[in-house]
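S.K.: File follows, data-v7.json with JSON, C-alpha atoms:
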[["chain", "number", "residue", "atom", "x", "y", "z"],
["A", 1, "MET", "CA", -19.35, -27.19, 15.00],
["A", 2, "ALA", "CA", -18.42, -23.89, 13.38],
["A", 3, "ASP", "CA", -16.53, -23.06, 16.56],
["A", 4, "LYS", "CA", -14.16, -25.95, 16.20],
["A", 5, "GLU", "CA", -13.56, -25.18, 12.56],
["A", 6, "ARG", "CA", -12.57, -21.67, 13.45],
["A", 7, "HIS", "CA", -10.17, -22.90, 16.09],
["A", 8, "GLN", "CA", -8.32, -24.93, 13.51],
["A", 9, "PHE", "CA", -7.45, -21.74, 11.69],
["A", 10, "SER", "CA", -6.33, -19.79, 14.69],
["A", 11, "LEU", "CA", -2.75, -19.02, 15.55],
["A", 12, "PRO", "CA", -0.94, -21.17, 18.11],
["A", 13, "LEU", "CA", -1.45, -19.34, 21.38],
["A", 14, "SER", "CA", 1.72, -20.77, 22.89],
["A", 15, "ARG", "CA", 3.68, -18.97, 20.21],
["A", 16, "VAL", "CA", 1.72, -15.77, 20.66],
["A", 17, "LYS", "CA", 2.48, -15.97, 24.36],
["A", 18, "THR", "CA", 6.20, -16.42, 23.69],
["A", 19, "ILE", "CA", 6.18, -13.28, 21.57],
["A", 20, "MET", "CA", 4.23, -11.37, 24.21],
["A", 21, "LYS", "CA", 6.59, -12.51, 26.95],
["A", 22, "SER", "CA", 9.59, -11.33, 24.94],
["A", 23, "SER", "CA", 8.43, -7.81, 25.75],
["A", 24, "PRO", "CA", 10.52, -6.77, 28.78],
["A", 25, "ASP", "CA", 7.93, -5.07, 31.00],
["A", 26, "VAL", "CA", 5.29, -7.73, 30.74],
["A", 27, "THR", "CA", 4.84, -9.84, 33.86],
["A", 28, "ILE", "CA", 1.60, -11.78, 33.74],
["A", 29, "ILE", "CA", -0.77, -12.33, 30.83],
["A", 30, "SER", "CA", -4.25, -13.60, 31.60],
["A", 31, "GLN", "CA", -5.63, -16.43, 29.49],
["A", 32, "GLU", "CA", -8.33, -14.11, 28.19],
["A", 33, "ALA", "CA", -5.81, -11.47, 27.18],
["A", 34, "LEU", "CA", -3.82, -14.09, 25.32],
["A", 35, "GLN", "CA", -6.93, -15.27, 23.52],
["A", 36, "MET", "CA", -7.81, -11.68, 22.61],
["A", 37, "THR", "CA", -4.33, -10.89, 21.30],
["A", 38, "GLY", "CA", -4.35, -14.04, 19.20],
["A", 39, "LYS", "CA", -7.71, -13.14, 17.71],
["A", 40, "ALA", "CA", -6.68, -9.54, 17.15],
["A", 41, "THR", "CA", -3.58, -10.69, 15.28],
["A", 42, "GLU", "CA", -5.72, -12.91, 13.11],
["A", 43, "LEU", "CA", -7.99, -9.95, 12.32],
["A", 44, "PHE", "CA", -4.93, -7.85, 11.62],
["A", 45, "ILE", "CA", -3.52, -10.35, 9.13],
["A", 46, "GLN", "CA", -6.85, -10.49, 7.31],
["A", 47, "ALA", "CA", -7.20, -6.71, 7.31],
["A", 48, "LEU", "CA", -3.73, -6.34, 5.84],
["A", 49, "ALA", "CA", -4.48, -8.89, 3.12],
["A", 50, "LYS", "CA", -7.82, -7.29, 2.27],
["A", 51, "VAL", "CA", -6.40, -3.77, 2.11],
["A", 52, "SER", "CA", -3.59, -4.83, -0.20],
["A", 53, "LEU", "CA", -6.07, -6.57, -2.46],
["A", 54, "GLU", "CA", -8.30, -3.50, -2.63],
["A", 55, "ARG", "CA", -5.33, -1.48, -3.70],
["A", 56, "ASN", "CA", -4.46, -3.27, -6.84],
["A", 57, "LYS", "CA", -7.42, -5.43, -7.94],
["A", 58, "ASP", "CA", -4.87, -7.72, -9.60],
["A", 59, "SER", "CA", -4.81, -11.43, -9.07],
["A", 60, "GLU", "CA", -1.75, -11.19, -6.90],
["A", 61, "ILE", "CA", -0.68, -9.55, -3.68],
["A", 62, "THR", "CA", 2.95, -8.56, -3.86],
["A", 63, "TYR", "CA", 5.46, -7.17, -1.43],
["A", 64, "ASN", "CA", 5.29, -3.78, -3.09],
["A", 65, "ASP", "CA", 1.54, -3.54, -2.48],
["A", 66, "LEU", "CA", 2.18, -4.09, 1.20],
["A", 67, "ALA", "CA", 5.07, -1.63, 1.33],
["A", 68, "GLU", "CA", 2.93, 0.98, -0.39],
["A", 69, "ILE", "CA", 0.10, 0.55, 2.12],
["A", 70, "VAL", "CA", 2.40, 0.60, 5.11],
["A", 71, "ASN", "CA", 3.97, 3.76, 3.78],
["A", 72, "ASN", "CA", 0.65, 5.54, 3.25],
["A", 73, "ASP", "CA", -1.49, 4.37, 6.15],
["A", 74, "GLU", "CA", -0.88, 6.15, 9.42],
["A", 75, "THR", "CA", -2.17, 3.35, 11.61],
["A", 76, "LEU", "CA", 0.42, 1.05, 10.04],
["A", 77, "GLN", "CA", 3.33, 3.32, 10.75],
["A", 78, "PHE", "CA", 4.69, 0.89, 13.30],
["A", 79, "LEU", "CA", 5.48, -1.46, 10.41],
["A", 80, "GLN", "CA", 7.61, 0.95, 8.44],
["A", 81, "ASP", "CA", 10.86, -0.65, 9.52],
["A", 82, "ILE", "CA", 9.49, -4.15, 9.00],
["A", 83, "ILE", "CA", 8.10, -3.66, 5.50],
["A", 84, "PRO", "CA", 10.15, -0.85, 3.99],
["A", 85, "LYS", "CA", 9.71, 0.26, 0.43],
["A", 86, "LYS", "CA", 12.09, -1.37, -1.97],
["A", 87, "ILE", "CA", 14.40, 0.91, -3.84],
["A", 88, "LYS", "CA", 16.94, 0.32, -6.57],
["A", 89, "VAL", "CA", 20.61, 0.40, -5.75],
["A", 90, "SER", "CA", 21.01, 3.40, -8.02],
["A", 91, "GLU", "CA", 18.33, 5.23, -6.04],
["A", 92, "TYR", "CA", 20.12, 4.31, -2.84],
["A", 93, "TYR", "CA", 23.36, 5.78, -4.14],
["A", 94, "GLU", "CA", 21.51, 8.96, -5.02],
["A", 95, "ILE", "CA", 20.17, 9.22, -1.48],
["A", 96, "LEU", "CA", 23.68, 8.66, -0.14],
["A", 97, "LYS", "CA", 25.05, 11.36, -2.38],
["A", 98, "GLU", "CA", 22.35, 13.79, -1.28],
["A", 99, "GLU", "CA", 23.12, 13.10, 2.36],
["A", 100, "GLU", "CA", 26.80, 13.63, 1.78],
["A", 101, "ALA", "CA", 26.06, 16.87, 0.00],
["A", 102, "GLU", "CA", 23.97, 18.04, 2.94],
["A", 103, "GLU", "CA", 26.70, 17.20, 5.40],
["A", 104, "SER", "CA", 29.48, 18.99, 3.56],
["B", 1, "MET", "CA", 10.91, -17.88, 26.88],
["B", 2, "ALA", "CA", 12.21, -17.66, 23.39],
["B", 3, "GLU", "CA", 15.34, -19.71, 22.99],
["B", 4, "ARG", "CA", 15.77, -19.37, 19.28],
["B", 5, "PRO", "CA", 14.97, -16.32, 17.15],
["B", 6, "GLU", "CA", 12.59, -18.45, 15.07],
["B", 7, "ASP", "CA", 10.43, -18.83, 18.16],
["B", 8, "LEU", "CA", 9.36, -15.24, 17.72],
["B", 9, "ASN", "CA", 7.90, -15.90, 14.26],
["B", 10, "LEU", "CA", 4.39, -17.09, 13.71],
["B", 11, "PRO", "CA", 4.05, -20.35, 11.77],
["B", 12, "ASN", "CA", 3.87, -19.56, 8.07],
["B", 13, "ALA", "CA", 1.39, -22.29, 7.25],
["B", 14, "VAL", "CA", -1.19, -20.88, 9.66],
["B", 15, "VAL", "CA", -0.60, -17.31, 8.54],
["B", 16, "THR", "CA", -1.05, -18.37, 4.91],
["B", 17, "ARG", "CA", -4.29, -20.11, 5.75],
["B", 18, "ILE", "CA", -5.58, -17.03, 7.56],
["B", 19, "ILE", "CA", -4.69, -14.85, 4.57],
["B", 20, "LYS", "CA", -6.41, -17.27, 2.16],
["B", 21, "GLU", "CA", -9.52, -17.12, 4.33],
["B", 22, "ALA", "CA", -9.72, -13.33, 3.97],
["B", 23, "ILE", "CA", -9.36, -13.03, 0.20],
["B", 24, "PRO", "CA", -11.38, -14.56, -2.63],
["B", 25, "GLU", "CA", -10.11, -17.74, -4.25],
["B", 26, "GLY", "CA", -7.70, -17.54, -7.14],
["B", 27, "ILE", "CA", -5.79, -14.60, -5.69],
["B", 28, "ASN", "CA", -2.12, -15.34, -5.42],
["B", 29, "VAL", "CA", -0.05, -14.02, -2.54],
["B", 30, "SER", "CA", 3.63, -13.89, -3.36],
["B", 31, "LYS", "CA", 6.01, -15.62, -1.01],
["B", 32, "GLU", "CA", 7.68, -12.35, -0.15],
["B", 33, "ALA", "CA", 4.33, -10.79, 0.70],
["B", 34, "ARG", "CA", 3.38, -13.74, 2.91],
["B", 35, "LEU", "CA", 6.64, -13.47, 4.79],
["B", 36, "ALA", "CA", 6.16, -9.73, 5.19],
["B", 37, "ILE", "CA", 2.62, -10.21, 6.55],
["B", 38, "SER", "CA", 3.88, -12.87, 8.93],
["B", 39, "LYS", "CA", 6.58, -10.58, 10.27],
["B", 40, "ALA", "CA", 4.09, -7.73, 10.48],
["B", 41, "ALA", "CA", 1.83, -9.97, 12.56],
["B", 42, "SER", "CA", 4.64, -10.72, 15.01],
["B", 43, "VAL", "CA", 5.35, -7.04, 15.38],
["B", 44, "PHE", "CA", 1.65, -6.39, 15.78],
["B", 45, "VAL", "CA", 1.59, -8.82, 18.72],
["B", 46, "LEU", "CA", 4.46, -6.96, 20.36],
["B", 47, "TYR", "CA", 2.92, -3.57, 19.71],
["B", 48, "ALA", "CA", -0.43, -4.72, 21.07],
["B", 49, "THR", "CA", 1.27, -6.26, 24.10],
["B", 50, "SER", "CA", 3.14, -3.10, 24.92],
["B", 51, "CYS", "CA", -0.03, -0.99, 24.55],
["B", 52, "SER", "CA", -2.09, -3.38, 26.66],
["B", 53, "ASN", "CA", 0.66, -3.48, 29.26],
["B", 54, "ASN", "CA", 0.48, 0.30, 29.48],
["B", 55, "PHE", "CA", -3.22, 0.05, 30.24],
["B", 56, "ALA", "CA", -2.52, -2.58, 32.88],
["B", 57, "LEU", "CA", 0.15, -0.35, 34.46],
["B", 58, "LYS", "CA", -2.26, 2.59, 34.45],
["B", 59, "GLY", "CA", -4.69, 0.42, 36.39],
["B", 60, "LYS", "CA", -1.83, -0.54, 38.75],
["B", 61, "ARG", "CA", -2.15, -4.19, 37.83],
["B", 62, "LYS", "CA", 0.58, -6.68, 36.99],
["B", 63, "THR", "CA", -1.67, -8.86, 34.88],
["B", 64, "ILE", "CA", -2.75, -7.92, 31.38],
["B", 65, "ASN", "CA", -6.42, -8.78, 30.99],
["B", 66, "ALA", "CA", -8.87, -8.86, 28.12],
["B", 67, "THR", "CA", -10.14, -5.31, 28.62],
["B", 68, "ASP", "CA", -6.56, -4.02, 28.41],
["B", 69, "VAL", "CA", -6.15, -5.67, 25.03],
["B", 70, "ILE", "CA", -9.45, -4.22, 23.79],
["B", 71, "SER", "CA", -8.52, -0.73, 25.02],
["B", 72, "ALA", "CA", -5.15, -1.13, 23.33],
["B", 73, "MET", "CA", -6.90, -1.78, 20.01],
["B", 74, "GLU", "CA", -8.69, 1.55, 20.34],
["B", 75, "ASP", "CA", -5.44, 3.22, 21.24],
["B", 76, "MET", "CA", -3.72, 1.73, 18.19],
["B", 77, "GLU", "CA", -6.57, 2.98, 15.97],
["B", 78, "PHE", "CA", -7.80, -0.50, 15.15],
["B", 79, "GLU", "CA", -11.31, 0.28, 16.36],
["B", 80, "GLN", "CA", -12.74, -2.06, 13.74],
["B", 81, "PHE", "CA", -11.37, -4.99, 15.77],
["B", 82, "VAL", "CA", -13.11, -4.03, 19.00],
["B", 83, "ASP", "CA", -16.54, -5.47, 18.26],
["B", 84, "PRO", "CA", -15.34, -8.80, 16.85],
["B", 85, "LEU", "CA", -13.00, -9.13, 19.83],
["B", 86, "LYS", "CA", -15.80, -8.52, 22.31],
["B", 87, "GLU", "CA", -17.86, -11.17, 20.55],
["B", 88, "CYS", "CA", -14.93, -13.54, 20.68],
["B", 89, "LEU", "CA", -14.49, -12.86, 24.39],
["B", 90, "ASP", "CA", -18.12, -13.78, 25.04],
["B", 91, "VAL", "CA", -17.69, -17.01, 23.10],
["B", 92, "PHE", "CA", -14.51, -17.81, 24.98],
["B", 93, "ARG", "CA", -16.08, -17.14, 28.37],
["B", 94, "ASN", "CA", -19.03, -19.34, 27.49],
["B", 95, "GLU", "CA", -16.71, -22.12, 26.43],
["B", 96, "GLN", "CA", -14.82, -21.91, 29.71],
["B", 97, "LYS", "CA", -18.09, -21.93, 31.62],
["B", 98, "GLY", "CA", -19.32, -24.91, 29.62],
["B", 99, "LYS", "CA", -16.13, -26.80, 30.42],
["B", 100, "ARG", "CA", -16.44, -25.96, 34.12],
["B", 101, "GLU", "CA", -20.03, -27.13, 34.23],
["B", 102, "ALA", "CA", -19.21, -30.29, 32.37],
["B", 103, "SER", "CA", -16.39, -31.15, 34.76],
["B", 104, "GLN", "CA", -18.61, -30.39, 37.76],
["B", 105, "GLN", "CA", -21.28, -32.61, 36.28],
["B", 106, "ARG", "CA", -18.77, -35.39, 35.79],
["B", 107, "LYS", "CA", -17.55, -34.99, 39.36],
["B", 108, "LYS", "CA", -21.09, -35.21, 40.63],
["B", 109, "ASP", "CA", -21.83, -38.29, 38.57],
["B", 110, "ARG", "CA", -18.70, -39.97, 39.84],
["B", 111, "GLU", "CA", -19.52, -39.17, 43.45],
["B", 112, "GLN", "CA", -23.00, -40.51, 43.07],
["B", 113, "SER", "CA", -21.89, -43.74, 41.48],
["B", 114, "ASN", "CA", -19.04, -44.25, 43.96],
["B", 115, "ASN", "CA", -20.94, -43.61, 47.18],
["B", 116, "SER", "CA", -24.32, -45.09, 46.46],
["B", 117, "THR", "CA", -24.47, -46.48, 50.03],
["B", 118, "LEU", "CA", -23.90, -43.10, 51.74],
["B", 119, "ASP", "CA", -26.92, -41.48, 50.17],
["B", 120, "GLY", "CA", -27.70, -38.96, 52.90],
["B", 121, "SER", "CA", -24.35, -37.19, 53.09],
["B", 122, "ASN", "CA", -23.92, -37.41, 49.36],
["B", 123, "LEU", "CA", -27.17, -35.61, 48.68],
["B", 124, "ASP", "CA", -26.06, -32.70, 50.84],
["B", 125, "LEU", "CA", -22.86, -32.40, 48.83],
["B", 126, "THR", "CA", -24.65, -32.25, 45.52],
["B", 127, "VAL", "CA", -27.04, -29.62, 46.79],
["B", 128, "GLU", "CA", -24.08, -27.43, 47.73],
["B", 129, "ASP", "CA", -22.62, -27.89, 44.28],
["B", 130, "ASP", "CA", -25.86, -26.72, 42.73],
["B", 131, "ASP", "CA", -25.82, -23.57, 44.83],
["B", 132, "GLU", "CA", -22.32, -22.78, 43.70],
["B", 133, "GLU", "CA", -23.27, -23.17, 40.10],
["B", 134, "GLU", "CA", -26.16, -20.80, 40.52],
["B", 135, "LYS", "CA", -23.90, -18.21, 42.07],
["B", 136, "VAL", "CA", -21.54, -18.44, 39.13],
["B", 137, "ASN", "CA", -24.45, -17.94, 36.78],
["B", 138, "ASN", "CA", -25.65, -14.87, 38.62],
["B", 139, "ASN", "CA", -22.21, -13.33, 38.67],
["B", 140, "SER", "CA", -21.87, -13.47, 34.90],
["B", 141, "LYS", "CA", -25.20, -12.18, 33.74],
["B", 142, "ASN", "CA", -24.08, -11.24, 30.27],
["B", 143, "ILE", "CA", -23.20, -14.85, 29.61],
["B", 144, "GLU", "CA", -26.50, -16.15, 30.88],
["B", 145, "PRO", "CA", -28.48, -16.22, 27.61],
["B", 146, "GLU", "CA", -25.95, -18.60, 26.09],
["B", 147, "LYS", "CA", -26.34, -20.95, 29.01],
["B", 148, "THR", "CA", -29.37, -22.55, 27.46],
["B", 149, "ASP", "CA", -27.39, -23.08, 24.28],
["B", 150, "SER", "CA", -24.66, -24.98, 26.03],
["B", 151, "ASP", "CA", -27.30, -26.99, 27.82],
["B", 152, "ILE", "CA", -28.91, -27.82, 24.53],
["B", 153, "MET", "CA", -25.52, -28.76, 23.17],
["B", 154, "ILE", "CA", -24.98, -31.21, 26.02],
["B", 155, "ILE", "CA", -28.42, -32.64, 25.52],
["B", 156, "ASN", "CA", -27.76, -33.03, 21.83],
["B", 157, "ASP", "CA", -24.52, -34.82, 22.53],
["B", 158, "GLU", "CA", -26.31, -37.17, 24.84],
["B", 159, "SER", "CA", -29.06, -37.85, 22.38],
["B", 160, "GLU", "CA", -26.46, -38.45, 19.68],
["B", 161, "SER", "CA", -24.64, -40.93, 21.82],
["B", 162, "ASN", "CA", -27.96, -42.55, 22.67],
["B", 163, "SER", "CA", -28.88, -42.88, 19.05],
["B", 164, "GLU", "CA", -25.46, -44.37, 18.38],
["B", 165, "LYS", "CA", -26.14, -46.92, 21.06],
["B", 166, "ASP", "CA", -29.49, -47.62, 19.48],
["B", 167, "VAL", "CA", -27.83, -48.26, 16.16],
["B", 168, "GLU", "CA", -25.36, -50.57, 17.80],
["B", 169, "GLU", "CA", -28.10, -52.44, 19.56],
["B", 170, "GLY", "CA", -30.19, -52.67, 16.43]]
As structure tokens, how would this structure be written, given the file I've shared?
M.R.:
Amino acid sequence: MADKERHQFSLPLSRVKTIMKSSPDVTIISQEALQMTGKATELFIQALAKVSLERNKDSEITYNDLAEIVNNDETLQFLQDIIPKKIKVSEYYEILKEEEAEES
Amino acid sequence: MAERPEDLNLPNAVVTRIIKEAIPEGINVSKEARLAISKAASVFVLYATSCSNNFALKGKRKTINATDVISAMEDMEFEQFVDPLKECLDVFRNEQKGKREASQQRKKDREQSNNSTLDGSNLDLTVEDDDEEEKVNNNSKNIEPEKTDSDIMIINDESESNSEKDVEEG
């Protein structure tokens, strides 16, 4: 059945539940809610992959593609600390210098 | 609960497979990118949980349910997920219902085969069971159309097993 095939690809719900339970305010999660969150995460992963592919039409998805998308897309703002843009050390030093200049 | 920090990561193999499913073949996803997507997915789970929990709290409930998760998707501006999720919820509910019916059917079969001498009382029991099943069906009207499908599925399974028997006999 197509159903069973799809289940093979889905994320382990026990793990999803562990992550959900690590949120402090959460008390009880219904089985349906768990199922929905698992599916939503799957959709999210695919959406992220598709968007990064659209961006650069290359034959590879790289970290920088992701960082660029996260930086530009408002709905993905919650990922900005997780997938920050890479910068060179020299650029970092420049930022530091600028900050120091502002402070003094 | 999470005992090790790794427990809060999603398994990379599954995440990779899900990514591969979404993009055409021959597209390479760098290891760094895969790891980043995997982490992003974990954070997405947390973000979704916290949003759904807010909806549950608003409704003065302690349990997060499916509608909370779907409302959370709208809140997070992932409206494009709402329809597929609703579809998935229907499928899931049908599956659960199918399992329930199957187990009830098994129970009934067992009762009938065990108490073949006490036919009178046994018949009454099965009639009650039927009533309960009907009530369940009426309560979940939106699931009803699929009911025939699951019935057909069961019939198919039976016919398959019958044909297998036939082959064995032949």
S.K.: Calculated over all atoms listed in the file, which of the candidates A:Asn72, A:Ser59, A:Ser90, A:Gln35 has the smallest distance to chain B?
M.R.: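 Among the listed residues, the smallest separation from chain B belongs to A:Ser59.
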S.K.: Pull out every residue of chain B sitting within 6 Å of chain A, counting all atoms listed in the file, and send them as an MDAnalysis selection string.
M.R.: chainID B and resid 1 8 19 22 27:30 32:33 46 49 63:66
S.K.: Rounded to one decimal, what separation in Å do you get between atom CA of B:Val82 and atom CA of B:Ala48?
M.R.: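 Taking atom CA of B:Val82 and atom CA of B:Ala48, their separation equals 12.9 Å.
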S.K.: What gap, in Å, lies between atom CA of B:Glu6 and atom CA of B:Lys31?
M.R.: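 The value is 17.6 Å.
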S.K.: May I ask for the distance between atom CA of B:Ala72 and atom CA of A:Glu68, given in Å to one decimal place?
M.R.: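 About the pair atom CA of B:Ala72 and atom CA of A:Glu68: they are 25.1 Å apart.
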S.K.: Neighbourhood query: residues within 10 Å of (-13.1, -6.5, 17.8), file coordinates, counting all atoms listed in the file; return as a PyMOL selection string.
M.R.: (chain A and resi 36+39-40+43) or (chain B and resi 70+73-74+78-89)
S.K.: Based on the selection just made, write C-alpha atoms of those residues as a PDB file, keeping the file's coordinate frame.
M.R.:
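Writing done, so here's result19.pdb:
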ATOM      1  CA  MET A  36      -7.810 -11.680  22.610  1.00  0.00           C
ATOM      2  CA  LYS A  39      -7.710 -13.140  17.710  1.00  0.00           C
ATOM      3  CA  ALA A  40      -6.680  -9.540  17.150  1.00  0.00           C
ATOM      4  CA  LEU A  43      -7.990  -9.950  12.320  1.00  0.00           C
TER       5      LEU A  43
ATOM      6  CA  ILE B  70      -9.450  -4.220  23.790  1.00  0.00           C
ATOM      7  CA  MET B  73      -6.900  -1.780  20.010  1.00  0.00           C
ATOM      8  CA  GLU B  74      -8.690   1.550  20.340  1.00  0.00           C
ATOM      9  CA  PHE B  78      -7.800  -0.500  15.150  1.00  0.00           C
ATOM     10  CA  GLU B  79     -11.310   0.280  16.360  1.00  0.00           C
ATOM     11  CA  GLN B  80     -12.740  -2.060  13.740  1.00  0.00           C
ATOM     12  CA  PHE B  81     -11.370  -4.990  15.770  1.00  0.00           C
ATOM     13  CA  VAL B  82     -13.110  -4.030  19.000  1.00  0.00           C
ATOM     14  CA  ASP B  83     -16.540  -5.470  18.260  1.00  0.00           C
ATOM     15  CA  PRO B  84     -15.340  -8.800  16.850  1.00  0.00           C
ATOM     16  CA  LEU B  85     -13.000  -9.130  19.830  1.00  0.00           C
ATOM     17  CA  LYS B  86     -15.800  -8.520  22.310  1.00  0.00           C
ATOM     18  CA  GLU B  87     -17.860 -11.170  20.550  1.00  0.00           C
ATOM     19  CA  CYS B  88     -14.930 -13.540  20.680  1.00  0.00           C
ATOM     20  CA  LEU B  89     -14.490 -12.860  24.390  1.00  0.00           C
TER      21      LEU B  89
END
